[in-house]
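For reference, the structure discussed in these notes is given below.
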Amino acid sequence: MSAGIGNVIKTFLKNEGILFDNVTVVANIFEFKNKKPILDLENIVYTSNKNYFNIPENTRKIIEEKEKIFLFGDVVEDLKMINKEQLNKTITCGFLDKKIESNLNVFNENFDIVLTENEDFNSIKDIIM
């Protein structure tokens, strides 16, 4: 789940070779009509509404059936994207690129993995491959 542009996220994941069949991107997806981008403003994802209950129901059901889940976030509040009961089967990864010294302890306490200074996904790929 991201407040970013889902089209860009999917393209990035595909180009990196990590857009697997079991990856679902919940984000702001632009549709194009007459070469103009259109966004459904009623279902827009933004920072403060990224939580488990705003994930589409069909995607929540898929998550609930999974044995393991990866959750990525760049703020501790992103952990709300997963139901608390499922945290025991979730590997959480925090991206910390700003104010590293003042936020590192909080990130380490809340995320299983913390990537700093724009580390790439290779360390994550090493874990899942």
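Just so we're on the same page: first chain in the structure tokens is A, next is B, and so on; residues restart at 1 for each chain, and ligands are numbered from 1 in the order they show up.
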
- request: Could you give me the residues within segment 10-102 of chain A that DSSP places in strand (DSSP E), as a ChimeraX atom specification?
  value: /A:31-33,36-38,69-73,90-96

Would you mind exporting C-alpha atoms of the selected residues as a CSV table (one decimal), in the first residue's frame?
chain,number,residue,atom,x,y,z
A,31,GLU,CA,-6.3,5.3,-15.8
A,32,PHE,CA,-5.8,7.1,-19.1
A,33,LYS,CA,-8.6,8.4,-21.3
A,36,LYS,CA,-5.0,12.2,-20.1
A,37,PRO,CA,-4.4,10.7,-16.6
A,38,ILE,CA,-7.5,10.2,-14.4
A,69,ILE,CA,3.8,-11.4,4.5
A,70,PHE,CA,6.3,-8.6,3.7
A,71,LEU,CA,5.4,-5.1,4.8
A,72,PHE,CA,7.5,-2.1,3.7
A,73,GLY,CA,7.2,1.4,5.2
A,90,THR,CA,4.8,-10.5,8.8
A,91,ILE,CA,8.4,-9.5,8.1
A,92,THR,CA,8.5,-5.7,8.3
A,93,CYS,CA,11.1,-3.6,6.5
A,94,GLY,CA,11.5,0.1,7.3
A,95,PHE,CA,13.2,2.6,4.9
A,96,LEU,CA,15.0,5.3,6.9

- request: List every residue of segment 15-124 of chain A that DSSP, applied to the backbone, labels as helix (DSSP H, G or I), and write the result as a count of residues only.
  value: 45

task: Can you pull out every residue within 10 Å of Ile18 of chain A, counting only C-alpha atoms, but drop anything in the same chain fewer than 6 positions away, and send it as a PyMOL selection string?
output: chain A and resi 10+12+121+125

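Between atom CA of Ile29 of chain A and atom CA of Gly4 of chain A the interatomic distance comes to 8.8 Å.
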
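If you look at atom CA of Ala27 of chain A and atom CA of Leu39 of chain A, they are 10.8 Å away from each other.
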
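For Lys89 of chain A, the residues within 12 Å (counting only C-alpha atoms, excluding itself and residues fewer than 2 positions away along the chain) are Ile63, Glu64, Glu65, Lys66, Glu67, Lys68, Ile69, Phe70, Leu71, Ile82, Asn83, Lys84, Glu85, Gln86, Leu87, Ile91, Thr92 and Asp112 of chain A.
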
Grab the residues selected above and save them as a short mmCIF file (atom, residue, chain, number, x, y, z; two decimals), in the first residue's frame with C-alpha atoms.
data_model
loop_
_atom_site.label_atom_id
_atom_site.label_comp_id
_atom_site.auth_asym_id
_atom_site.auth_seq_id
_atom_site.Cartn_x
_atom_site.Cartn_y
_atom_site.Cartn_z
CA ILE A 63 -3.31 -11.37 2.98
CA GLU A 64 -5.15 -13.31 5.68
CA GLU A 65 -4.59 -16.57 3.80
CA LYS A 66 -0.84 -16.03 3.38
CA GLU A 67 1.65 -17.93 5.48
CA LYS A 68 4.17 -15.05 5.38
CA ILE A 69 3.82 -11.36 4.54
CA PHE A 70 6.33 -8.60 3.74
CA LEU A 71 5.41 -5.08 4.79
CA ILE A 82 -1.29 -4.99 8.66
CA ASN A 83 -3.78 -6.41 11.13
CA LYS A 84 -2.10 -6.75 14.54
CA GLU A 85 -3.03 -10.44 14.70
CA GLN A 86 -0.95 -11.02 11.57
CA LEU A 87 2.23 -9.34 12.75
CA ILE A 91 8.38 -9.46 8.07
CA THR A 92 8.50 -5.69 8.30
CA ASP A 112 12.38 -6.36 11.59
#

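Comparing A:Asp74, A:Ile62, A:Lys80, A:Ile5 by their smallest distance to Val106 of chain A, the closest is A:Asp74 (using only C-alpha atoms).
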
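One finds atom CA of Val8 of chain A at 21.6 Å from atom CA of Ser123 of chain A.
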